[in-house]
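Coordinates as given in final06.txt (compact mmCIF, C-alpha atoms):
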# COMPACT_ATOMS: atom_id res chain seq x y z
CA MET A 1 114.68 97.73 123.36
CA GLU A 2 113.55 94.13 123.53
CA PHE A 3 111.50 92.52 120.76
CA ASP A 4 109.19 89.53 120.74
CA GLU A 5 110.22 88.59 117.21
CA THR A 6 112.90 89.53 114.67
CA PHE A 7 112.15 88.99 111.00
CA LYS A 8 114.02 89.35 107.74
CA ILE A 9 111.99 90.78 104.86
CA LEU A 10 113.15 90.89 101.24
CA VAL A 11 111.77 93.30 98.61
CA VAL A 12 112.25 92.21 94.98
CA GLY A 13 111.04 93.17 91.52
CA ASP A 14 112.18 94.89 88.33
CA SER A 15 114.21 98.08 88.44
CA GLY A 16 112.06 101.21 88.66
CA VAL A 17 108.91 99.67 90.15
CA GLY A 18 109.31 101.69 93.36
CA LYS A 19 110.83 99.20 95.81
CA SER A 20 113.12 101.77 97.44
CA SER A 21 110.33 104.36 97.52
CA ILE A 22 108.00 101.94 99.30
CA LEU A 23 110.68 101.16 101.85
CA LEU A 24 111.52 104.84 102.43
CA ARG A 25 107.86 105.72 102.82
CA PHE A 26 107.39 102.93 105.36
CA THR A 27 110.50 103.58 107.44
CA ASP A 28 110.76 107.40 107.25
CA ASP A 29 107.33 108.45 105.92
CA VAL A 30 108.80 110.51 103.10
CA PHE A 31 108.71 110.31 99.31
CA GLU A 32 111.47 111.51 97.03
CA PRO A 33 112.87 110.55 93.62
CA MET A 34 115.17 107.57 94.03
CA GLN A 35 118.13 106.37 92.00
CA PRO A 36 118.22 102.65 91.13
CA THR A 37 119.55 100.53 93.98
CA ILE A 38 123.11 99.30 93.47
CA GLY A 39 123.41 95.76 94.79
CA VAL A 40 121.47 95.57 98.07
CA ASP A 41 120.42 98.17 100.63
CA PHE A 42 118.64 97.62 103.95
CA LYS A 43 116.73 99.37 106.71
CA VAL A 44 115.70 98.32 110.21
CA LYS A 45 112.21 99.12 111.43
CA ALA A 46 110.47 98.45 114.74
CA PHE A 47 106.77 97.74 114.44
CA LYS A 48 103.96 96.72 116.76
CA VAL A 49 101.35 94.17 115.68
CA ASP A 50 98.65 93.08 118.13
CA ASN A 51 100.80 94.11 121.11
CA ARG A 52 103.77 92.14 119.81
CA ARG A 53 106.97 94.08 119.30
CA VAL A 54 108.61 93.12 116.02
CA LYS A 55 111.94 94.17 114.57
CA MET A 56 112.24 93.94 110.80
CA THR A 57 115.42 93.97 108.78
CA ILE A 58 114.15 94.92 105.33
CA TRP A 59 116.44 94.23 102.39
CA ASP A 60 115.93 96.29 99.23
CA THR A 61 117.41 94.51 96.23
CA ALA A 62 118.49 95.81 92.83
CA GLY A 63 116.24 94.84 89.94
CA GLN A 64 118.88 95.01 87.21
CA GLU A 65 120.01 91.69 85.81
CA ARG A 66 123.69 92.47 86.32
CA PHE A 67 123.18 92.44 90.09
CA ARG A 68 121.16 89.21 90.11
CA THR A 69 124.05 86.96 91.20
CA LEU A 70 124.78 89.31 94.09
CA THR A 71 121.23 89.46 95.40
CA ASN A 72 120.53 85.72 95.16
CA ALA A 73 122.31 85.08 98.45
CA TYR A 74 120.00 87.46 100.29
CA TYR A 75 117.01 85.15 99.92
CA ARG A 76 118.54 82.90 102.58
CA GLY A 77 116.72 83.08 105.89
CA ALA A 78 114.00 85.47 104.71
CA HIS A 79 110.71 85.14 106.59
CA GLY A 80 108.80 87.18 104.02
CA VAL A 81 109.26 88.28 100.42
CA ILE A 82 107.49 91.29 98.88
CA LEU A 83 107.30 91.09 95.08
CA VAL A 84 106.63 94.52 93.55
CA TYR A 85 105.40 95.50 90.09
CA ASP A 86 104.40 98.81 88.51
CA VAL A 87 100.69 98.84 87.58
CA SER A 88 101.50 101.19 84.67
CA LYS A 89 104.08 98.82 83.12
CA ARG A 90 102.84 95.36 82.19
CA GLU A 91 106.33 94.01 81.62
CA THR A 92 107.09 94.43 85.32
CA PHE A 93 103.98 92.38 86.15
CA ASP A 94 104.99 89.66 83.68
CA SER A 95 108.46 89.54 85.27
CA LEU A 96 106.96 88.33 88.55
CA LYS A 97 106.09 84.98 87.00
CA GLU A 98 108.99 84.83 84.55
CA ILE A 99 111.76 85.82 86.96
CA TRP A 100 111.02 86.76 90.56
CA LEU A 101 108.74 83.96 91.76
CA LYS A 102 111.15 81.47 90.21
CA GLU A 103 114.03 83.04 92.12
CA VAL A 104 112.08 82.87 95.39
CA ALA A 105 111.39 79.18 94.79
CA MET A 106 115.01 78.52 93.88
CA TYR A 107 116.89 80.45 96.56
CA SER A 108 114.60 80.77 99.57
CA THR A 109 115.68 78.54 102.46
CA ARG A 110 112.38 78.78 104.35
CA PRO A 111 109.63 76.79 102.59
CA SER A 112 106.96 78.56 104.62
CA ALA A 113 108.25 82.09 103.92
CA VAL A 114 105.28 84.40 103.31
CA LYS A 115 105.01 85.95 99.86
CA MET A 116 103.12 89.13 99.03
CA ILE A 117 102.53 90.65 95.59
CA VAL A 118 102.31 94.44 95.56
CA GLY A 119 101.01 96.50 92.65
CA ASN A 120 102.67 99.89 93.12
CA LYS A 121 102.13 103.35 91.57
CA ILE A 122 98.33 103.30 91.64
CA ASP A 123 98.50 107.11 91.66
CA ILE A 124 99.27 106.89 87.90
CA GLU A 125 96.05 107.20 85.90
CA LYS A 126 96.99 105.08 82.89
CA ARG A 127 97.13 101.49 84.07
CA GLN A 128 98.30 98.49 82.13
CA VAL A 129 97.47 95.97 84.88
CA SER A 130 94.06 96.04 86.55
CA ARG A 131 93.52 95.32 90.20
CA GLU A 132 91.43 92.29 89.20
CA GLU A 133 94.39 90.84 87.28
CA GLY A 134 96.64 91.34 90.28
CA VAL A 135 94.18 89.69 92.65
CA GLU A 136 93.70 86.71 90.34
CA PHE A 137 97.43 86.25 89.81
CA ALA A 138 98.06 86.37 93.57
CA ARG A 139 95.32 83.78 94.08
CA GLN A 140 96.94 81.50 91.51
CA GLN A 141 100.30 81.85 93.25
CA SER A 142 98.83 81.50 96.78
CA THR A 143 100.25 84.84 97.91
CA LEU A 144 98.92 87.90 99.66
CA PHE A 145 98.05 90.94 97.53
CA VAL A 146 98.02 94.71 98.09
CA GLU A 147 97.98 97.73 95.83
CA SER A 148 99.98 100.77 96.90
CA SER A 149 101.38 104.17 96.06
CA ALA A 150 104.63 105.19 97.70
CA LYS A 151 103.98 108.72 96.45
CA THR A 152 100.68 109.14 98.32
CA ALA A 153 101.50 106.58 101.06
CA THR A 154 98.39 104.59 100.12
CA GLY A 155 98.68 100.95 101.13
CA VAL A 156 102.33 101.10 102.21
CA GLN A 157 101.89 100.49 105.93
CA GLN A 158 99.14 98.00 105.12
CA THR A 159 101.61 96.03 103.01
CA PHE A 160 104.00 95.43 105.87
CA GLU A 161 101.32 95.02 108.51
CA GLU A 162 99.48 92.29 106.59
CA LEU A 163 102.76 90.55 105.76
CA LEU A 164 103.76 90.56 109.42
CA ARG A 165 100.39 89.29 110.55
CA LYS A 166 100.68 86.33 108.18
CA ILE A 167 104.23 85.61 109.35
CA LEU A 168 103.09 85.70 112.97
CA GLU A 169 100.31 83.25 112.09
CA THR A 170 102.92 80.81 110.73
CA PRO A 171 104.39 78.97 113.75
CA GLU A 172 107.51 77.69 112.02
CA LEU A 173 108.54 81.27 111.18
CA CYS A 174 108.30 82.50 114.77
CA VAL A 175 111.60 81.21 116.09
CA SER A 176 114.24 82.82 118.25
CA GLU A 177 116.78 85.10 116.60
CA SER A 178 119.65 82.81 117.55
CA SER A 179 118.18 80.00 115.46
CA GLN A 180 117.68 82.03 112.30
CA GLY A 181 120.31 80.44 110.13
CA GLY A 182 121.37 81.82 106.78
CA ASN A 183 120.95 85.53 107.53
CA ILE A 184 123.58 87.78 105.96
CA ARG A 185 125.02 90.49 108.17
CA PRO A 186 124.83 94.01 106.71
CA THR A 187 128.00 95.65 105.43
CA ALA A 188 126.97 99.02 105.05
CA GLY A 189 93.91 106.57 96.69
CA ASN A 190 92.28 103.69 98.85
CA ALA A 191 94.35 100.64 99.25
CA SER A 192 92.94 97.35 98.09
CA SER A 193 94.13 94.12 99.57
CA SER A 194 93.08 90.53 99.78
CA TYR A 195 94.29 87.24 101.14
CA ALA A 196 94.41 84.76 98.32
CA GLU A 197 91.87 82.04 98.88
CA GLY A 198 93.39 78.83 100.15
CA CYS A 199 96.71 80.56 100.76
CA SER A 200 99.35 78.05 101.74
CA CYS A 201 102.33 80.41 101.84

Is it possible to give me this structure as C-alpha cells?
Amino acid sequence: MEFDETFKILVVGDSGVGKSSILLRFTDDVFEPMQPTIGVDFKVKAFKVDNRRVKMTIWDTAGQERFRTLTNAYYRGAHGVILVYDVSKRETFDSLKEIWLKEVAMYSTRPSAVKMIVGNKIDIEKRQVSREEGVEFARQQSTLFVESSAKTATGVQQTFEELLRKILETPELCVSESSQGGNIRPTAGNASSSYAEGCSC
C-alpha cells in the first residue's frame, strides 16, 4: 500500500500513566491491563486524514528513570510527541514540566515537531488535575491538548487525528520518507480538546 506521508510519533510520560494502553486502544481497539514498558516498543498504524493516507510508526517509551538513557535516542526524527499524564496523579502532571518537556527540547532534532499534552484516565472519578489546569498548561507551552480514557476509548482516536492534522499543516514536517534523517530502525466520557492559542509548535 502506498502512503502520501510517513510520520514518526513518540509517546512519553511517567510510568503507569497509560501510554501503552492508549497505543493499544488506538491500533487494536482493545483495552487490557498492561505491564510497564521495558525500554521501547512500537506499533505501525495506517490512518486516513482528509483523504491523505498516512503511515505512523508510533514509539511507546518506558517512563522509568533507569531506561531514560535508552529512550533519549528515539526522539531523533520524531514529527510529533505525545506527552501523557494521569489526571488522578498530580505528580505525573508535574513531571511534564520538570522532565518530559525538557527532554523533548534537548533531544528532538525537528524544531517544528508537534507536541500534544494528553490527560489520560478521565474515567477515574477522583481527579487531582482539572481539565482547566491541563488546558492552561498546554496554552503556556504552546502545545495541543486532549483528555482521554484508554479504558473507555474516549478521546484516543481524537488524540492521534488532531496531532496528524497539525503535522500535515506544518510544511517542513511533510517531507519524503527518504529524507527523514535520524529515524531508528525497529529491532523487535466526552473528550475535551483544544488548540492552544497562538500555538507555534

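With distances restricted to all atoms listed in the file, A:Tyr85 is the closest residue to A:Arg127 from A:Leu163, A:Tyr85, A:Leu101, A:Arg25.
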
One decimal, in Å: what's the spacing between atom CA of A:Tyr74 and atom CA of A:Val87?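 Interatomic distance, atom CA of A:Tyr74 to atom CA of A:Val87: 25.8 Å.
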
Inset, instruction - Could you give me, as a count of residues only, the residues within 10 Å of A:Lys166, counting only C-alpha atoms and dropping anything in the same chain fewer than 6 positions from it? - result: 10

(Q) Given all atoms listed in the file as the basis, pick out the residue of A:Ala153, A:Ser112, A:Gly16, A:Glu169 nearest to A:Asp28. (A)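 Ranking A:Ala153, A:Ser112, A:Gly16, A:Glu169 by distance to A:Asp28, first place goes to A:Ala153.
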
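When atom CA of A:Leu168 is paired with atom CA of A:Arg52, their separation reads 9.4 Å.
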
- Task: Go through A:Leu10, A:Leu96, A:Ile167, A:Val54 one by one, measure the shortest atom-to-atom distance of each to A:Ser108 using all atoms listed in the file, and give the residue with the smallest value.
- Result: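 Going through A:Leu10, A:Leu96, A:Ile167, A:Val54 one by one, the smallest distance to A:Ser108 is for A:Leu10.
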
Query raised in the report: Nearest to A:Phe137: which of A:Asn120, A:Arg110, A:Gln158, A:Lys97 is it, counting only C-alpha atoms?
Result: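 Among A:Asn120, A:Arg110, A:Gln158, A:Lys97, it is A:Lys97 that comes nearest to A:Phe137.
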
- [ ] Find the residues around A:Val11 up to 7 Å (all atoms listed in the file counted), leave out those fewer than 3 positions away in its own chain, and share them as a ChimeraX atom specification.
- [x] /A:19,59-61,81-83

What is the distance, in Å and to one decimal place, between atom CA of A:Glu91 and atom CA of A:Ile58?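 Rounded to one decimal, the two atoms are 25.0 Å apart.
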
From the list A:Lys126, A:Arg76, A:Arg131, A:Lys121, the nearest residue to A:Ala150 using all atoms listed in the file is A:Lys121

Using all atoms listed in the file and a cutoff of 12 Å, can you tell me which residues are near (100.3, 97.0, 106.7) in the file's coordinates, and write them out as a ChimeraX atom specification? /A:22,26,47-49,116,118,144-148,153-166,191-194

I need the residues from that last selection saved to file as a PDB file, in the coordinates of the input (with C-alpha atoms), if you can.
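Final file, result_8.pdb:
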ATOM      1  CA  ILE A  22     108.000 101.940  99.300  1.00  0.00           C
ATOM      2  CA  PHE A  26     107.390 102.930 105.360  1.00  0.00           C
ATOM      3  CA  PHE A  47     106.770  97.740 114.440  1.00  0.00           C
ATOM      4  CA  LYS A  48     103.960  96.720 116.760  1.00  0.00           C
ATOM      5  CA  VAL A  49     101.350  94.170 115.680  1.00  0.00           C
ATOM      6  CA  MET A 116     103.120  89.130  99.030  1.00  0.00           C
ATOM      7  CA  VAL A 118     102.310  94.440  95.560  1.00  0.00           C
ATOM      8  CA  LEU A 144      98.920  87.900  99.660  1.00  0.00           C
ATOM      9  CA  PHE A 145      98.050  90.940  97.530  1.00  0.00           C
ATOM     10  CA  VAL A 146      98.020  94.710  98.090  1.00  0.00           C
ATOM     11  CA  GLU A 147      97.980  97.730  95.830  1.00  0.00           C
ATOM     12  CA  SER A 148      99.980 100.770  96.900  1.00  0.00           C
ATOM     13  CA  ALA A 153     101.500 106.580 101.060  1.00  0.00           C
ATOM     14  CA  THR A 154      98.390 104.590 100.120  1.00  0.00           C
ATOM     15  CA  GLY A 155      98.680 100.950 101.130  1.00  0.00           C
ATOM     16  CA  VAL A 156     102.330 101.100 102.210  1.00  0.00           C
ATOM     17  CA  GLN A 157     101.890 100.490 105.930  1.00  0.00           C
ATOM     18  CA  GLN A 158      99.140  98.000 105.120  1.00  0.00           C
ATOM     19  CA  THR A 159     101.610  96.030 103.010  1.00  0.00           C
ATOM     20  CA  PHE A 160     104.000  95.430 105.870  1.00  0.00           C
ATOM     21  CA  GLU A 161     101.320  95.020 108.510  1.00  0.00           C
ATOM     22  CA  GLU A 162      99.480  92.290 106.590  1.00  0.00           C
ATOM     23  CA  LEU A 163     102.760  90.550 105.760  1.00  0.00           C
ATOM     24  CA  LEU A 164     103.760  90.560 109.420  1.00  0.00           C
ATOM     25  CA  ARG A 165     100.390  89.290 110.550  1.00  0.00           C
ATOM     26  CA  LYS A 166     100.680  86.330 108.180  1.00  0.00           C
ATOM     27  CA  ALA A 191      94.350 100.640  99.250  1.00  0.00           C
ATOM     28  CA  SER A 192      92.940  97.350  98.090  1.00  0.00           C
ATOM     29  CA  SER A 193      94.130  94.120  99.570  1.00  0.00           C
ATOM     30  CA  SER A 194      93.080  90.530  99.780  1.00  0.00           C
TER      31      SER A 194
END

Take stretch 139-156 of chain A, bring it up to N, CA and C atoms, and give me the output as an mmCIF file, in the coordinates of the input.
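Done, and the output landed in out21.cif:
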data_model
loop_
_atom_site.group_PDB
_atom_site.id
_atom_site.type_symbol
_atom_site.label_atom_id
_atom_site.label_comp_id
_atom_site.auth_asym_id
_atom_site.auth_seq_id
_atom_site.Cartn_x
_atom_site.Cartn_y
_atom_site.Cartn_z
ATOM 1 N N ARG A 139 96.075 84.974 93.692
ATOM 2 C CA ARG A 139 95.320 83.780 94.080
ATOM 3 C C ARG A 139 95.938 82.527 93.444
ATOM 4 N N GLN A 140 96.321 82.643 92.184
ATOM 5 C CA GLN A 140 96.940 81.500 91.510
ATOM 6 C C GLN A 140 98.264 81.100 92.161
ATOM 7 N N GLN A 141 98.984 82.099 92.651
ATOM 8 C CA GLN A 141 100.300 81.850 93.250
ATOM 9 C C GLN A 141 100.234 81.610 94.759
ATOM 10 N N SER A 142 99.024 81.679 95.334
ATOM 11 C CA SER A 142 98.830 81.500 96.780
ATOM 12 C C SER A 142 99.646 82.509 97.587
ATOM 13 N N THR A 143 99.544 83.779 97.188
ATOM 14 C CA THR A 143 100.250 84.840 97.910
ATOM 15 C C THR A 143 99.239 85.875 98.388
ATOM 16 N N LEU A 144 99.702 86.740 99.279
ATOM 17 C CA LEU A 144 98.920 87.900 99.660
ATOM 18 C C LEU A 144 98.987 88.935 98.532
ATOM 19 N N PHE A 145 98.072 89.907 98.574
ATOM 20 C CA PHE A 145 98.050 90.940 97.530
ATOM 21 C C PHE A 145 97.631 92.288 98.105
ATOM 22 N N VAL A 146 98.352 93.329 97.718
ATOM 23 C CA VAL A 146 98.020 94.710 98.090
ATOM 24 C C VAL A 146 98.371 95.613 96.923
ATOM 25 N N GLU A 147 97.597 96.679 96.756
ATOM 26 C CA GLU A 147 97.980 97.730 95.830
ATOM 27 C C GLU A 147 98.419 98.935 96.645
ATOM 28 N N SER A 148 99.397 99.686 96.110
ATOM 29 C CA SER A 148 99.980 100.770 96.900
ATOM 30 C C SER A 148 100.421 101.928 96.017
ATOM 31 N N SER A 149 100.721 103.028 96.678
ATOM 32 C CA SER A 149 101.380 104.170 96.060
ATOM 33 C C SER A 149 102.353 104.732 97.079
ATOM 34 N N ALA A 150 103.639 104.604 96.802
ATOM 35 C CA ALA A 150 104.630 105.190 97.700
ATOM 36 C C ALA A 150 104.521 106.711 97.690
ATOM 37 N N LYS A 151 104.085 107.258 96.570
ATOM 38 C CA LYS A 151 103.980 108.720 96.450
ATOM 39 C C LYS A 151 102.927 109.285 97.394
ATOM 40 N N THR A 152 101.760 108.649 97.461
ATOM 41 C CA THR A 152 100.680 109.140 98.320
ATOM 42 C C THR A 152 100.613 108.422 99.663
ATOM 43 N N ALA A 153 101.442 107.415 99.846
ATOM 44 C CA ALA A 153 101.500 106.580 101.060
ATOM 45 C C ALA A 153 100.350 105.580 101.130
ATOM 46 N N THR A 154 99.515 105.526 100.118
ATOM 47 C CA THR A 154 98.390 104.590 100.120
ATOM 48 C C THR A 154 98.879 103.146 100.136
ATOM 49 N N GLY A 155 98.416 102.385 101.102
ATOM 50 C CA GLY A 155 98.680 100.950 101.130
ATOM 51 C C GLY A 155 100.049 100.528 101.587
ATOM 52 N N VAL A 156 100.957 101.471 101.874
ATOM 53 C CA VAL A 156 102.330 101.100 102.210
ATOM 54 C C VAL A 156 102.403 100.434 103.583
#
